[in-house]
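Participant: Okay, here's the structure, questions in a sec.
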Amino acid sequence: MSNLDFITKLLAATLAMGTSLTYATLGEVFTEKSGVLNLGVEGTMLMGALSGFAVTYFTSSLILGLLIAILAGALFSLIHAFITITLRANQVVSGLAITMFGTGLANFLGKKIGPELNGYNLVGLNLPVRFHNISIPLLNRLPFLGAFFNVSVLTYALYLILPLSWYYMYKTKYGLALRAVGEAPRTAAAMGINVNKNRYLYTILGGAFSGLGGAALSLFFTPSWNDGMTGGMGWIAIALVIFSTWNPGRVAIGTLIFGGITSLQFAIQAAGIRMIIPAQFLAIAPYFITLVTLVFMTINAQRKEGHFASPSALGVAFAIDEK
Amino acid sequence: MRFVIEKRNERSKRMQILVPLVSLVISALLGSIVLLFCNANPLQTYAAIINGAFSSPMRFQYTIAKMIPLLMCGLSVGIAFRLRFWNIGAEGQYVMGVIGITWVMQFWTWLPAPLLLPIGILMSFVFGGIWGGIPGALKANWKVDETLVTLMMNYIAIGIAEYLYISAWKAPKGNMGTVKYPEVAWIGRMWGKIHYGVIIVLILVVVLYFVLYKTRWGFELNMIGKNSEAARCQGVSIKRNIIIAMLISGGIAGLGGGINSAAVTHCLTSGVNSGYGFTGIIVAWMSGLNPFISVLVAIFLAALQTGSDALQITMNLPSSMSGVLQGLILLPLLAGNIFIDHRLKIVNKKEVI
C-alpha cells in the first residue's frame with residue numbers, strides 16, 4: 001500500500017468515526033454553554049444508536065430511524081433538564097444516572113425488541129438500508145482532501161451545521177442569550193432573558209445531537225447494534241468539549257485529531273505495521289491531552305486574570321429567589 | 001394559577017423519610033412499565049431479583065463480596081463530596097490501587113512473605129491516594145475543575161492498567177492478565193465467598209464515622225462544604241483540606257481495589273474497571289454521605305446487581321436490567337430530593353414573587 005493510499009484511507013476512517021463524535025461534542029457544547037453539565041452523553045448516544053437501528057430495521061426507513069434517534073436523545077436529556085433545572089438536583093449525579101439508565105436500557109432493549117427469528121435479539125442483524133458514502137465528482141479526486149468529498153450525508157450535513165452553530169452562538173441575539181445564561185444567569189435574568197427556558201432548550205438540543213451521533217454509529221459507521229457499542233465515545237465527547245474550549249468552531253479540530261488517533265490504531269493494526277507506541281497509550285491520548293489542555297488553560301487564564309473559557313455558571317442550578 | 005418551588009425554613013424531617021420511600025415506589029412502577037413492555041411479569045421479576053441476591057447462602061455471599069469494593073468506593077467518594085469536591089474519579093483511583101498492589105506482588109518478592117500483603121495493601125492506598133491527590137492539588141492551587149479532571153484520569157488509569165495486563169506485566173501464559181499473587185499474600189475467606197476484607201471495610205466505616213462526625217477535621221470539612229467563605233474567615237485552610245481529603249478519598253478507593261484483588265481476582269486483568277467507582281458515587285449520594293447508611297445502600301445496590309445477574313437464568317431477561325433499575329431508582333430520588341428543603345406552592349397569577 002502506498003503512503004498516499006494509507007493516509008487517504010486513514011482520513012476516510014477518521015471522518016466516518018469523527019462524525020458521531022462531532023455530533024455528540026457539538027451537542028454537549030450547546031448544553032454546557034448554557035450552564036448545564038450533562039454527563040449523560042454516553043447513555044444518550046447508546047439510546048440513539050439503539051432506537052435508530054431498531055426503527056430502521058423494522059421500517060427500512062433511514063429518515064424515520066434518524067428522527068426517532070433524535071427524539072430518543074431529546075427525551076433522555078429532557079429527563080436531565082427536568083431534574084437539574086426545575087428540581088435543581090446535582091448535575092453530576094443526574095448525568096451519571098442518565099448514562100447508567102440509558103446504557104442499561106439500550107442493552108436491555110437490544111436483547112428484547114429484536115425479531116422473533118433472532119431470539120428477540122438485535123445483535124448480529126444486518127440493516128435493509130444504511131447510509132452510504134456519496135462522492136462528489138472531481139472534488140473527490142483531490143489528493144488528501146478528496147476524502148472530505150466522499151462521505152455520507154451525515155458528514156456533509158456537518159459541513160453546514162458546524163459553521164452555522166458558530167455563527168448562531170457568536171453572532172446572533174439567541175446565541176448571546178445562550179452565552180449569557182451560562183456565564184451570568186443573574187444578569188441575564190435581569191436583562192429579561194428566561195434563564196431556565198434557555199437551559200431547557202439547549203439541554204434538549206444537546207441530547208438530540210447526542211442521539212443523532214449514536215444513530216450515525218449504528219446506521220452508518222458500524223452499521224449494526226451491539227451492547228455498549230459507543231465504547232466510551234460519549235466520555236470522549238465530554239473531553240473534547242473542553243478541548244474545543246466550548247467553541248463550536250473548534251469542535252471539528254478535536255474530533256478530527258481524536259477520531260484520527262482512534263482510526264490510526266485500527267489502520268496500523270490492519271496494515272501490520274509494528275508499533276512503537278503501545279495501542280493503549282494511543283487510546284488514552286485523547287484524555288491525556290484534554291487533561292493537559294484543561295490544566296494549562298485554567299492556569300493560564302488565572303495568570304492573566306483573564307477570562308477562562310468554561311462557562312462560569314456551569315453546573316450551578318439557577319433560581320431567581322435564591323443565591 | 002401556577003406552581004412555585006419555595007425554600008423551606010428548615011429541612012423537613014418528614015420529607016427525609018417520605019422522599020426515599022415514595023421514590024422507591026415510583027421506581028418500582030417505572031420498572032414495571034419496562035418489564036411489561038418486554039412481556040415479563042414485574043412482581044415475578046422483582047421476586048426473582050430478591051431471590052437471586054439473598055435466597056441461598058452462596059447468593060448472599062456473592063452479594064456481600066460485591067458490597068465490599070462498592071462500599072469502599074462509596075466511602076471514598078463520600079469524603080470528597082463532603083467538601084463539595086465532585087470526585088467522580090473513584091473508578092480510576094480504584095484501578096490505580098489494583099496496579100499498586102500488583103506492583104508489590106510482582107516485583108517486591110524479596111520481601112518476607114508475611115509482609116507482602118500488608119505492604120501491597122498499603123501501596124494500593126498510596127497509588128489511589130496519588131491519583132486522588134493530583135486533582136485535589138490542581139483544584140486547591142489553580143481551581144482546575146475537578147469533575148472534568150477526575151473523569152479524564154479514570155480513563156488514563158484504565159488505559160495504563162490495560163497496557164500493563166496486555167503487554168508489560170502480562171504473564172508468560174495466556175493472552176492477558178498478570179501472574180497470580182503468591183498464595184500466602186491472598187486475603188483469606190471467612191465464609192464461602194465472603195473474605196476478611198469485610199472486616200476491614202466495617203472497621204473503616206466506624207473509623208470514618210468517628211473522624212467525620214467527632215473530630216475537628218471532620219468539622220472543618222463540613223464547614224467548607226456548607227460555606228467555604230465562612231470557613232475561610234474562621235481560619236480553616238481550604239487548600240490544605242482539599243488536598244488531604246482527596247489523598248484520603250483516593251486512598252480509600254485504591255484500598256478497595258487492593259483488597260478486592262488480593263481477595264478475589266488475585267491478579268491485574270481485564271474487568272479491573274468493573275464500575276465500582278461509578279456506582280460508588282451513587283452509594284455516597286444516596287446515603288447522604290453518612291458512612292453507616294452507606295453500608296445499607298451498598299448492600300442494596302450490590303443485591304440489585306447479583307439479583308439481576310440471576311435474572312438471565314430464572315426469567316430469561318438480560319442482566320443489563322440492573323443498569324435500568326439503578327437508573328430508575330436514582331432518577332426519582334434525585335428528583336424528589338428538592339422537596340426536603342423546598343416546598344411546592346401554588347400561587348395565583350396576580351401574585352408577583
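Residues in the C-alpha cells are named by chain (A, B, ... in the order shown) and by number from 1 within that chain; ligands are numbered from 1 in the order shown.
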Just need the residues of chain B within 7 Å of chain A, counting only C-alpha atoms, so spit them out as a PDB file with C-alpha atoms, in the first residue's frame.
Facilitator:
ATOM      1  CA  CYS B  38     -40.994  -6.876  27.367  1.00  0.00           C
ATOM      2  CA  TRP B 142      -5.269  26.585  40.482  1.00  0.00           C
ATOM      3  CA  VAL B 144      -8.911  23.412  37.887  1.00  0.00           C
ATOM      4  CA  VAL B 149     -10.015  16.193  35.741  1.00  0.00           C
ATOM      5  CA  MET B 152     -10.222  12.132  32.415  1.00  0.00           C
ATOM      6  CA  TYR B 155      -9.720   6.668  31.554  1.00  0.00           C
ATOM      7  CA  ILE B 156      -5.996   7.304  31.837  1.00  0.00           C
ATOM      8  CA  GLY B 159      -5.531   2.710  29.817  1.00  0.00           C
ATOM      9  CA  GLU B 162      -4.758  -2.285  30.064  1.00  0.00           C
ATOM     10  CA  TYR B 163      -1.218  -1.650  28.901  1.00  0.00           C
ATOM     11  CA  PRO B 318     -30.793  -9.661  30.122  1.00  0.00           C
ATOM     12  CA  SER B 320     -28.433  -5.264  31.979  1.00  0.00           C
ATOM     13  CA  MET B 321     -31.709  -4.965  33.874  1.00  0.00           C
ATOM     14  CA  GLY B 323     -28.481  -0.772  34.991  1.00  0.00           C
ATOM     15  CA  VAL B 324     -32.093   0.007  34.139  1.00  0.00           C
ATOM     16  CA  GLN B 326     -30.278   1.534  39.161  1.00  0.00           C
ATOM     17  CA  GLY B 327     -31.120   4.430  36.892  1.00  0.00           C
ATOM     18  CA  LEU B 328     -34.793   4.141  37.706  1.00  0.00           C
ATOM     19  CA  LEU B 330     -31.730   7.080  41.237  1.00  0.00           C
ATOM     20  CA  LEU B 331     -33.702   9.405  38.976  1.00  0.00           C
ATOM     21  CA  LEU B 334     -32.767  12.850  42.641  1.00  0.00           C
ATOM     22  CA  ALA B 335     -35.971  14.468  41.505  1.00  0.00           C
ATOM     23  CA  ILE B 338     -35.673  19.046  46.335  1.00  0.00           C
TER      24      ILE B 338
END
Participant: So that I can see what lies close to A:Ala24, please list as a PyMOL selection string the residues with an atom at most 6 Å from it, counting only C-alpha atoms and leaving out residues fewer than 5 positions away in the same chain.
Facilitator: chain A and resi 209-210+213
Participant: Could you dump the residues just selected with C-alpha atoms as a PDB file, in the first residue's frame?
Facilitator:
ATOM      1  CA  PHE A 209     -27.379  15.824  18.820  1.00  0.00           C
ATOM      2  CA  SER A 210     -26.091  13.005  21.032  1.00  0.00           C
ATOM      3  CA  GLY A 213     -24.388  10.907  16.956  1.00  0.00           C
TER       4      GLY A 213
END
Participant: Using DSSP on the backbone, list every residue of stretch 173-204 of chain A that comes out as alpha helix (DSSP H), and give them as a PyMOL selection string.
Facilitator: chain A and resi 173-183+185-190+195-204
Participant: With distances taken over only C-alpha atoms, which of A:Ala216, A:Ala317, A:Val181, A:Leu10 is nearest to A:Leu50?
Facilitator: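 Looking only at the distances to A:Leu50, the closest residue turns out to be A:Ala216.
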Participant: I'd like the interatomic distance between atom CA of B:Gly275 and atom CA of B:Tyr165, to a tenth of an Å.
Facilitator: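 Interatomic distance here is 18.0 Å.
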Participant: Quick one: residues within 8 Å of B:Phe339, only C-alpha atoms counted, chain neighbours fewer than 4 positions away excluded, as a ChimeraX atom specification?
Facilitator: /B:15,19,343-344
Participant: Using atom CA of A:Leu37 and atom CA of B:Leu18 as the two end points, give the distance in Å to one decimal.
Facilitator: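 Interatomic distance here is 28.6 Å.
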Participant: Name the residues in contact with stretch 261-271 of chain B at a cut-off of 10 Å, using only C-alpha atoms, excluding same-chain residues fewer than 2 positions from it; report them as a PDB file with C-alpha atoms, in the first residue's frame.
Facilitator:
ATOM      1  CA  ALA B  65     -18.490  -9.924  48.387  1.00  0.00           C
ATOM      2  CA  PRO B  69     -15.434  -2.817  46.980  1.00  0.00           C
ATOM      3  CA  VAL B  95      -7.816   0.799  39.291  1.00  0.00           C
ATOM      4  CA  GLY B  97      -4.994   0.706  43.750  1.00  0.00           C
ATOM      5  CA  VAL B  98      -5.046  -2.601  41.915  1.00  0.00           C
ATOM      6  CA  ILE B  99      -1.969  -1.536  39.950  1.00  0.00           C
ATOM      7  CA  GLY B 100      -0.244  -0.591  43.227  1.00  0.00           C
ATOM      8  CA  ILE B 101      -0.786  -3.927  44.922  1.00  0.00           C
ATOM      9  CA  THR B 102       0.080  -5.818  41.744  1.00  0.00           C
ATOM     10  CA  TRP B 103       3.357  -3.934  41.505  1.00  0.00           C
ATOM     11  CA  MET B 105       3.206  -8.648  44.352  1.00  0.00           C
ATOM     12  CA  GLN B 106       5.153  -8.824  41.083  1.00  0.00           C
ATOM     13  CA  LEU B 117       0.086  -8.446  51.819  1.00  0.00           C
ATOM     14  CA  GLY B 120       0.734  -4.434  48.956  1.00  0.00           C
ATOM     15  CA  ILE B 121      -2.401  -3.094  50.615  1.00  0.00           C
ATOM     16  CA  ILE B 158      -7.822   2.259  32.829  1.00  0.00           C
ATOM     17  CA  ALA B 161      -3.940  -0.884  33.513  1.00  0.00           C
ATOM     18  CA  GLU B 162      -4.758  -2.285  30.064  1.00  0.00           C
ATOM     19  CA  LEU B 164       0.129  -3.445  31.953  1.00  0.00           C
ATOM     20  CA  TYR B 165      -2.028  -6.560  31.763  1.00  0.00           C
ATOM     21  CA  ILE B 166      -1.957  -6.846  27.989  1.00  0.00           C
ATOM     22  CA  TRP B 169       3.216  -7.199  33.018  1.00  0.00           C
ATOM     23  CA  LYS B 170       1.486  -9.975  31.114  1.00  0.00           C
ATOM     24  CA  ALA B 171       2.019 -13.459  32.495  1.00  0.00           C
ATOM     25  CA  MET B 176      -3.811 -11.276  29.218  1.00  0.00           C
ATOM     26  CA  GLY B 177      -3.522 -10.723  32.941  1.00  0.00           C
ATOM     27  CA  THR B 178      -0.552 -10.720  35.286  1.00  0.00           C
ATOM     28  CA  VAL B 179       0.823 -13.683  37.172  1.00  0.00           C
ATOM     29  CA  LYS B 180      -1.325 -14.583  40.199  1.00  0.00           C
ATOM     30  CA  TYR B 181      -0.180 -13.146  43.507  1.00  0.00           C
ATOM     31  CA  PRO B 182       1.700 -15.572  45.778  1.00  0.00           C
ATOM     32  CA  GLU B 183      -0.888 -17.566  47.681  1.00  0.00           C
ATOM     33  CA  ALA B 185      -0.460 -12.952  50.225  1.00  0.00           C
ATOM     34  CA  TRP B 186      -4.114 -13.630  49.462  1.00  0.00           C
ATOM     35  CA  ILE B 187      -6.802 -12.332  51.759  1.00  0.00           C
ATOM     36  CA  GLY B 188      -8.452 -15.397  53.223  1.00  0.00           C
ATOM     37  CA  ARG B 189     -12.079 -16.432  53.098  1.00  0.00           C
ATOM     38  CA  LYS B 193     -17.246 -16.138  49.132  1.00  0.00           C
ATOM     39  CA  ILE B 194     -17.023 -13.628  51.967  1.00  0.00           C
ATOM     40  CA  HIS B 195     -13.418 -12.724  52.729  1.00  0.00           C
ATOM     41  CA  TYR B 196     -11.777 -10.875  55.625  1.00  0.00           C
ATOM     42  CA  GLY B 197     -11.967  -7.653  53.626  1.00  0.00           C
ATOM     43  CA  LEU B 255      -7.666   0.335  49.090  1.00  0.00           C
ATOM     44  CA  GLY B 256     -10.934  -1.038  47.731  1.00  0.00           C
ATOM     45  CA  GLY B 257      -9.075  -2.118  44.596  1.00  0.00           C
ATOM     46  CA  GLY B 258      -6.219  -3.572  46.593  1.00  0.00           C
ATOM     47  CA  ILE B 259      -8.474  -5.585  48.883  1.00  0.00           C
ATOM     48  CA  ASN B 273     -12.603  -1.358  35.782  1.00  0.00           C
ATOM     49  CA  SER B 274     -15.780  -3.054  36.876  1.00  0.00           C
ATOM     50  CA  GLY B 275     -17.704   0.133  37.565  1.00  0.00           C
TER      51      GLY B 275
END
Participant: For the atom pair atom CA of A:Met17 and atom CA of A:Thr203, what is the interatomic distance in Å to one decimal place?
Facilitator: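 That distance, rounded to one decimal, is 23.8 Å.
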